[in-house]
Amino acid sequence: MSYDDVLKVALRRGIFFKTSEIYPNSPAGFWEYGPYGHTIKQKFIEALRKKLKLLNCVEIDGSIILPREVFEASSHLKSFVDPVVECTQCKQAVRANTIIEEKTGERIPEKDVDKINVLLEKLKLRCPRCGGKLSKAFLFNLMLKVDVGMKEHECYLRPETCQAIFLDFKRVFKAMRGKLPFAIFQVGKSFRNEISPRQSLVRMREFTQAEIEVFFNPKKEDELEFDWLKSFRLNLYVNGRSIETTPEMAVENGIISSKLVAFHLAFIHEFYESIGVPHENLRIRKLSEDEKAFYAKEAWDLEVLTSLGYLELVACNHRGDYDLGAHSKHSGIDLKVLDGGERVLPNVFELSIGVDRSILAILDLTYRKTKDRIFFSLSPKLAPIQVCVFPLVAKDGLPEKAQEVCKLLSDFEYVYEEKGSIGKRYYRYDEIGVPFAITIDYRSIKDDTITIRDRDTSQQVRINLNELREVLEKLLRGELKFEDVKGERVS
RNA sequence: GCGGCUGUAGUCUAGCCUGGUAGGACAGUACCCUGCCACGGUACAGACCCGGGUUCAAAUCCCGGCAGCCGCACCA
């Protein structure tokens, strides 16, 4: 299982690890990124930002703490809950509808506390563990509550980043002189009081989301050009069947409901491929009626096949006018905007990206273990360091020559290391996924050549020092393949 | 949250049954060596998940907690 191996390397190299680990009783579901992990995560976000330039998209940075009213409107207060009863003796908490259903075999609506309390009274239920008296049922909300100010404004840590986007939509749209379709992006922390956090970065209580909310005129959902994604191959998964098709064909065949949805599904699919996730490991799965959220008209999950099975990385929801409608109604503010001559309440298509899970999935997929080394075959776009500079040995003027090379590389992300055997240094940086290493040897002093080593193959090619910057730049951008670099091969 | 299994340096592990100085390997640090792939030399440093109990004495036995894995449940 590469997942276990990834966890080990992550711990050993400080890529990510548990929060407050020096206090052993701290709660689960909180994780830290160390220096390399932080850089990989930031590069993932940066790659996404660059890709977003191809959409009509702006970015905001909203509050993490939001007032009760927001979640009344969004219905998180009512719906993001489990009904729970607590034993007055042993303090055991049990899901209320579960124990009633076990007794009666009847399905109870989860969120109807009054009905649950009537039934609890009538059935005279006792604690299933110790037989003690049970409290009245109450709703356990998965949102984390915070009291703000002396007068205790009731606030919550956001359980998803998108609410700020809906709240800010009208101002941002006007301020940016927006035109539909108009997308707003936000990346940041969200919080959920998960009952059982599991599998490190897969389910956390504090996690990073990157959400793109695309606002559009529902009458114009099919007035859109596929443009650069016209011939993109989408891996769809519908009712247990895999379908590989273009976004255009998927709409024509009625698999995807509109061009706008198809375009954005292709967009996110292409993004993951562009940062090195293999095409064949990706699929976009259509959610069935009972899987999707109540507000969703249509829902797809982008999933990636890892050693843990298919992991859901991006929730793609057609949210209709649910969000702007709900906030209009609760706030009394009209959130319609002008589209051409028409005043419309925009509909929303959402891409909700789990950043931490994505990082874990990418590490899992790029983990390589061979007979004598371990490495991450990370895309240069995500690697925490771009290139290493190593003098073959730390004597005879090689370190001084290597320093000259470092000066040449001042606008690259490089590390210099001269201690230990050369093999040991290669190994150490392979293990965190650094794609290239430059070695300065005795010939370098004589003829101003150096070798570039490729992480994945451990092959080397000798080139002139004056070509280095250009070759490296192209290798990092993916414009040049290592096997096509012109120069003397070193085996 | 429930049930089963588990918890010793950064990692892997010996020791636990039968209580009495926690041992090793790899990784790390320093110095040396080193003309291309960690596994040459010397030295150093580093651990019994937490709390309580039993005991003269607990890594070891008992209880509780926490965490991890698997299964169930949950999952906007």
# chains A, B, ... in the order shown; residues from 1 in each chain; ligands from 1
>>> closest_atom_pairs(of="chain A", to="chain B", cutoff="6 Å", atoms="only C-alpha atoms (C1' of nucleotides)", output="CSV")
residue,atom,partner,partner_atom,distance
A:Arg12,CA,B:G10,C1',5.5
A:Asn25,CA,B:C66,C1',4.8
A:Ala293,CA,B:A76,C1',5.8
A:Gly423,CA,B:C37,C1',3.9
A:Lys424,CA,B:A38,C1',3.9
A:Tyr427,CA,B:A38,C1',5.8
>>> residues_around(residues="His76 in chain A", least_positions_apart="3", cutoff="9 Å", atoms="only C-alpha atoms (C1' of nucleotides)", output="list of chain:residue names")
A:Val70, A:Phe71, A:Glu72, A:Ala73, A:Ser79, A:Phe80, A:Val81, A:Asn141, A:Leu142, A:Met143, A:Pro159, B:A76
>>> atom_distance(atom1="CA of Asn193 in chain A", atom2="CA of Ser74 in chain A")
17.9 Å
>>> residues_around(residues="Arg68 in chain A", least_positions_apart="4", cutoff="7 Å", atoms="only C-alpha atoms (C1' of nucleotides)", output="compact mmCIF listing (two decimals) with C-alpha atoms, in the first residue's frame")
# COMPACT_ATOMS: atom_id res chain seq x y z
CA GLU A 72 -29.92 30.17 8.89
CA GLU A 154 -23.59 33.75 17.92
CA CYS A 155 -21.14 32.88 15.16
CA TYR A 156 -19.77 29.79 13.50
>>> residues_around(residues="Asp114 in chain A", least_positions_apart="4", cutoff="9 Å", atoms="only C-alpha atoms (C1' of nucleotides)", output="list in words")
Val118, Leu119 and Ala137 of chain A
>>> write_last_selection(atoms="C-alpha atoms", output="PDB file, in the first residue's frame")
ATOM      1  CA  VAL A 118     -42.400  12.535  21.570  1.00  0.00           C
ATOM      2  CA  LEU A 119     -41.321   9.079  20.458  1.00  0.00           C
ATOM      3  CA  ALA A 137     -32.917  14.740  22.051  1.00  0.00           C
TER       4      ALA A 137
END
>>> closest_residue(among="B:C62, B:C16, B:C70, B:A45", to="A30 in chain B", atoms="only C-alpha atoms (C1' of nucleotides)")
B:A45
>>> select_by_dssp(residues="range 215-316 of chain A", states="alpha helix (DSSP H)", output="list in words")
Pro247, Glu248, Met249, Ala250, Val251, Glu252, Lys259, Leu260, Val261, Ala262, Phe263, His264, Leu265, Ala266, Phe267, Ile268, His269, Glu270, Phe271, Tyr272, Glu273 and Ser274 of chain A
>>> write_last_selection(atoms="C-alpha atoms", output="PDB file, in the first residue's frame")
ATOM      1  CA  PRO A 247     -17.653  17.647 -23.399  1.00  0.00           C
ATOM      2  CA  GLU A 248     -19.555  18.441 -26.569  1.00  0.00           C
ATOM      3  CA  MET A 249     -20.639  14.854 -27.189  1.00  0.00           C
ATOM      4  CA  ALA A 250     -21.573  14.394 -23.534  1.00  0.00           C
ATOM      5  CA  VAL A 251     -24.064  17.257 -23.867  1.00  0.00           C
ATOM      6  CA  GLU A 252     -25.386  16.083 -27.233  1.00  0.00           C
ATOM      7  CA  LYS A 259     -22.626  23.076 -22.053  1.00  0.00           C
ATOM      8  CA  LEU A 260     -21.778  25.177 -19.040  1.00  0.00           C
ATOM      9  CA  VAL A 261     -21.629  22.140 -16.771  1.00  0.00           C
ATOM     10  CA  ALA A 262     -19.696  20.097 -19.346  1.00  0.00           C
ATOM     11  CA  PHE A 263     -17.155  22.874 -19.847  1.00  0.00           C
ATOM     12  CA  HIS A 264     -16.403  23.208 -16.158  1.00  0.00           C
ATOM     13  CA  LEU A 265     -16.193  19.462 -15.616  1.00  0.00           C
ATOM     14  CA  ALA A 266     -13.654  19.321 -18.441  1.00  0.00           C
ATOM     15  CA  PHE A 267     -11.857  22.308 -16.933  1.00  0.00           C
ATOM     16  CA  ILE A 268     -11.252  20.626 -13.597  1.00  0.00           C
ATOM     17  CA  HIS A 269     -10.448  17.268 -15.232  1.00  0.00           C
ATOM     18  CA  GLU A 270      -7.831  18.967 -17.388  1.00  0.00           C
ATOM     19  CA  PHE A 271      -6.395  20.809 -14.393  1.00  0.00           C
ATOM     20  CA  TYR A 272      -5.577  17.586 -12.570  1.00  0.00           C
ATOM     21  CA  GLU A 273      -3.950  16.157 -15.681  1.00  0.00           C
ATOM     22  CA  SER A 274      -1.886  19.324 -16.107  1.00  0.00           C
TER      23      SER A 274
END
>>> residues_around(residues="range 464-473 of chain A", least_positions_apart="4", cutoff="12 Å", atoms="only C-alpha atoms (C1' of nucleotides)", output="JSON, numbers by chain")
{"A": [380, 381, 386, 387, 388, 401, 402, 404, 405, 406, 407, 408, 409, 410, 411, 412, 413, 414, 435, 436, 437, 438, 439, 440, 443, 444, 445, 446, 447, 448, 449, 450, 451, 452, 453, 454, 477, 478, 479, 480, 481, 482, 484, 485, 486, 487, 488]}
>>> atom_distance(atom1="CA of Asp396 in chain A", atom2="CA of Gln459 in chain A")
25.1 Å
>>> residues_around(residues="U29 in chain B", least_positions_apart="4", cutoff="12 Å", atoms="only C-alpha atoms (C1' of nucleotides)", output="list in words")
Lys419 of chain A; A43, C44, A45 and G46 of chain B
>>> select_by_dssp(residues="range 255-320 of chain A", states="strand (DSSP E or B)", output="MDAnalysis selection string")
chainID A and resid 282:286 298:306 309:320
>>> write_last_selection(atoms="N, CA and C atoms", output="PDB file, in the first residue's frame")
ATOM      1  N   LEU A 282      -8.287   9.265 -13.417  1.00  0.00           N
ATOM      2  CA  LEU A 282      -9.321  10.240 -13.102  1.00  0.00           C
ATOM      3  C   LEU A 282     -10.673   9.797 -13.653  1.00  0.00           C
ATOM      4  N   ARG A 283     -11.703  10.101 -12.903  1.00  0.00           N
ATOM      5  CA  ARG A 283     -13.042   9.938 -13.458  1.00  0.00           C
ATOM      6  C   ARG A 283     -13.966  10.949 -12.795  1.00  0.00           C
ATOM      7  N   ILE A 284     -15.021  11.310 -13.524  1.00  0.00           N
ATOM      8  CA  ILE A 284     -16.015  12.207 -12.941  1.00  0.00           C
ATOM      9  C   ILE A 284     -17.301  11.412 -12.838  1.00  0.00           C
ATOM     10  N   ARG A 285     -17.697  11.179 -11.608  1.00  0.00           N
ATOM     11  CA  ARG A 285     -18.806  10.263 -11.339  1.00  0.00           C
ATOM     12  C   ARG A 285     -20.098  11.038 -11.087  1.00  0.00           C
ATOM     13  N   LYS A 286     -21.135  10.630 -11.771  1.00  0.00           N
ATOM     14  CA  LYS A 286     -22.437  11.269 -11.560  1.00  0.00           C
ATOM     15  C   LYS A 286     -23.070  10.727 -10.286  1.00  0.00           C
ATOM     16  N   GLU A 298     -27.943  18.882 -10.054  1.00  0.00           N
ATOM     17  CA  GLU A 298     -27.131  17.884 -10.736  1.00  0.00           C
ATOM     18  C   GLU A 298     -25.794  17.875 -10.013  1.00  0.00           C
ATOM     19  N   ALA A 299     -25.241  16.693  -9.781  1.00  0.00           N
ATOM     20  CA  ALA A 299     -23.991  16.657  -9.008  1.00  0.00           C
ATOM     21  C   ALA A 299     -23.046  15.595  -9.545  1.00  0.00           C
ATOM     22  N   TRP A 300     -21.783  15.995  -9.644  1.00  0.00           N
ATOM     23  CA  TRP A 300     -20.720  15.099 -10.096  1.00  0.00           C
ATOM     24  C   TRP A 300     -19.567  15.191  -9.107  1.00  0.00           C
ATOM     25  N   ASP A 301     -18.869  14.084  -8.929  1.00  0.00           N
ATOM     26  CA  ASP A 301     -17.656  14.103  -8.114  1.00  0.00           C
ATOM     27  C   ASP A 301     -16.466  13.755  -8.982  1.00  0.00           C
ATOM     28  N   LEU A 302     -15.442  14.588  -8.928  1.00  0.00           N
ATOM     29  CA  LEU A 302     -14.198  14.189  -9.569  1.00  0.00           C
ATOM     30  C   LEU A 302     -13.465  13.278  -8.585  1.00  0.00           C
ATOM     31  N   GLU A 303     -13.152  12.075  -9.072  1.00  0.00           N
ATOM     32  CA  GLU A 303     -12.491  11.100  -8.206  1.00  0.00           C
ATOM     33  C   GLU A 303     -11.189  10.654  -8.848  1.00  0.00           C
ATOM     34  N   VAL A 304     -10.255  10.270  -7.979  1.00  0.00           N
ATOM     35  CA  VAL A 304      -8.987   9.788  -8.510  1.00  0.00           C
ATOM     36  C   VAL A 304      -8.660   8.451  -7.857  1.00  0.00           C
ATOM     37  N   LEU A 305      -8.204   7.538  -8.677  1.00  0.00           N
ATOM     38  CA  LEU A 305      -7.885   6.202  -8.184  1.00  0.00           C
ATOM     39  C   LEU A 305      -6.511   6.211  -7.520  1.00  0.00           C
ATOM     40  N   THR A 306      -6.505   5.981  -6.196  1.00  0.00           N
ATOM     41  CA  THR A 306      -5.267   5.944  -5.428  1.00  0.00           C
ATOM     42  C   THR A 306      -5.160   4.561  -4.797  1.00  0.00           C
ATOM     43  N   GLY A 309      -8.184   3.399  -3.042  1.00  0.00           N
ATOM     44  CA  GLY A 309      -9.396   3.301  -3.847  1.00  0.00           C
ATOM     45  C   GLY A 309      -9.708   4.659  -4.450  1.00  0.00           C
ATOM     46  N   TYR A 310     -10.915   4.819  -4.970  1.00  0.00           N
ATOM     47  CA  TYR A 310     -11.283   6.113  -5.536  1.00  0.00           C
ATOM     48  C   TYR A 310     -11.480   7.139  -4.425  1.00  0.00           C
ATOM     49  N   LEU A 311     -10.773   8.257  -4.526  1.00  0.00           N
ATOM     50  CA  LEU A 311     -10.897   9.336  -3.550  1.00  0.00           C
ATOM     51  C   LEU A 311     -11.629  10.496  -4.204  1.00  0.00           C
ATOM     52  N   GLU A 312     -12.609  11.032  -3.489  1.00  0.00           N
ATOM     53  CA  GLU A 312     -13.381  12.157  -4.007  1.00  0.00           C
ATOM     54  C   GLU A 312     -12.603  13.447  -3.739  1.00  0.00           C
ATOM     55  N   LEU A 313     -12.180  14.103  -4.813  1.00  0.00           N
ATOM     56  CA  LEU A 313     -11.371  15.312  -4.636  1.00  0.00           C
ATOM     57  C   LEU A 313     -12.156  16.596  -4.877  1.00  0.00           C
ATOM     58  N   VAL A 314     -13.097  16.555  -5.803  1.00  0.00           N
ATOM     59  CA  VAL A 314     -13.821  17.779  -6.154  1.00  0.00           C
ATOM     60  C   VAL A 314     -15.313  17.464  -6.242  1.00  0.00           C
ATOM     61  N   ALA A 315     -16.107  18.203  -5.480  1.00  0.00           N
ATOM     62  CA  ALA A 315     -17.562  18.094  -5.602  1.00  0.00           C
ATOM     63  C   ALA A 315     -18.015  19.135  -6.616  1.00  0.00           C
ATOM     64  N   CYS A 316     -18.729  18.705  -7.648  1.00  0.00           N
ATOM     65  CA  CYS A 316     -19.180  19.615  -8.692  1.00  0.00           C
ATOM     66  C   CYS A 316     -20.702  19.654  -8.641  1.00  0.00           C
ATOM     67  N   ASN A 317     -21.248  20.767  -8.179  1.00  0.00           N
ATOM     68  CA  ASN A 317     -22.689  20.840  -7.956  1.00  0.00           C
ATOM     69  C   ASN A 317     -23.348  21.938  -8.771  1.00  0.00           C
ATOM     70  N   HIS A 318     -24.415  21.590  -9.450  1.00  0.00           N
ATOM     71  CA  HIS A 318     -25.294  22.601 -10.031  1.00  0.00           C
ATOM     72  C   HIS A 318     -26.240  23.016  -8.917  1.00  0.00           C
ATOM     73  N   ARG A 319     -26.037  24.207  -8.352  1.00  0.00           N
ATOM     74  CA  ARG A 319     -26.804  24.608  -7.173  1.00  0.00           C
ATOM     75  C   ARG A 319     -28.036  25.434  -7.530  1.00  0.00           C
ATOM     76  N   GLY A 320     -28.290  25.575  -8.812  1.00  0.00           N
ATOM     77  CA  GLY A 320     -29.468  26.341  -9.222  1.00  0.00           C
ATOM     78  C   GLY A 320     -29.420  27.747  -8.656  1.00  0.00           C
TER      79      GLY A 320
END
>>> closest_residue(among="A:Val277, A:Leu338, A:Ile463, A:Ala47", to="Leu365 in chain A", atoms="only C-alpha atoms")
A:Val277
>>> residues_around(residues="Tyr3 in chain A", least_positions_apart="2", cutoff="10 Å", atoms="only C-alpha atoms (C1' of nucleotides)", output="list in words")
Met1, Asp5, Val6, Leu7, Lys8, Gln199, Thr306, Ser307, Leu308, Leu360, Ala361, Leu363, Asp364, Leu365 and Tyr367 of chain A
>>> write_last_selection(atoms="N, CA and C atoms", output="compact mmCIF listing (two decimals), in the first residue's frame")
# COMPACT_ATOMS: atom_id res chain seq x y z
N MET A 1 0.84 -1.21 0.00
CA MET A 1 0.00 0.00 0.00
C MET A 1 0.87 1.24 0.00
N ASP A 5 3.22 3.97 2.99
CA ASP A 5 4.58 4.41 2.71
C ASP A 5 4.65 5.93 2.60
N VAL A 6 3.64 6.51 2.00
CA VAL A 6 3.60 7.98 1.88
C VAL A 6 3.57 8.61 3.27
N LEU A 7 2.75 8.04 4.16
CA LEU A 7 2.68 8.58 5.52
C LEU A 7 4.05 8.54 6.20
N LYS A 8 4.76 7.45 5.97
CA LYS A 8 6.08 7.32 6.58
C LYS A 8 7.05 8.38 6.05
N GLN A 199 -8.00 8.68 8.13
CA GLN A 199 -7.08 8.68 6.99
C GLN A 199 -6.40 10.02 6.72
N THR A 306 -6.51 5.98 -6.20
CA THR A 306 -5.27 5.94 -5.43
C THR A 306 -5.16 4.56 -4.80
N SER A 307 -4.13 4.38 -3.99
CA SER A 307 -4.01 3.08 -3.32
C SER A 307 -5.08 2.90 -2.25
N LEU A 308 -5.81 3.97 -1.93
CA LEU A 308 -6.95 3.87 -1.00
C LEU A 308 -8.26 3.63 -1.75
N LEU A 360 -2.62 14.67 -0.88
CA LEU A 360 -2.40 13.27 -0.49
C LEU A 360 -2.51 12.36 -1.71
N ALA A 361 -3.51 12.59 -2.53
CA ALA A 361 -3.71 11.74 -3.72
C ALA A 361 -2.51 11.85 -4.66
N LEU A 363 0.60 12.71 -3.88
CA LEU A 363 1.75 12.02 -3.28
C LEU A 363 1.61 10.52 -3.44
N ASP A 364 0.41 10.03 -3.23
CA ASP A 364 0.15 8.60 -3.36
C ASP A 364 0.42 8.10 -4.78
N LEU A 365 -0.04 8.89 -5.74
CA LEU A 365 0.11 8.47 -7.15
C LEU A 365 1.53 8.60 -7.67
N TYR A 367 4.29 8.32 -5.75
CA TYR A 367 5.25 7.61 -4.92
C TYR A 367 5.88 6.45 -5.71
>>> atom_distance(atom1="C1' of A58 in chain B", atom2="C1' of A22 in chain B")
12.8 Å
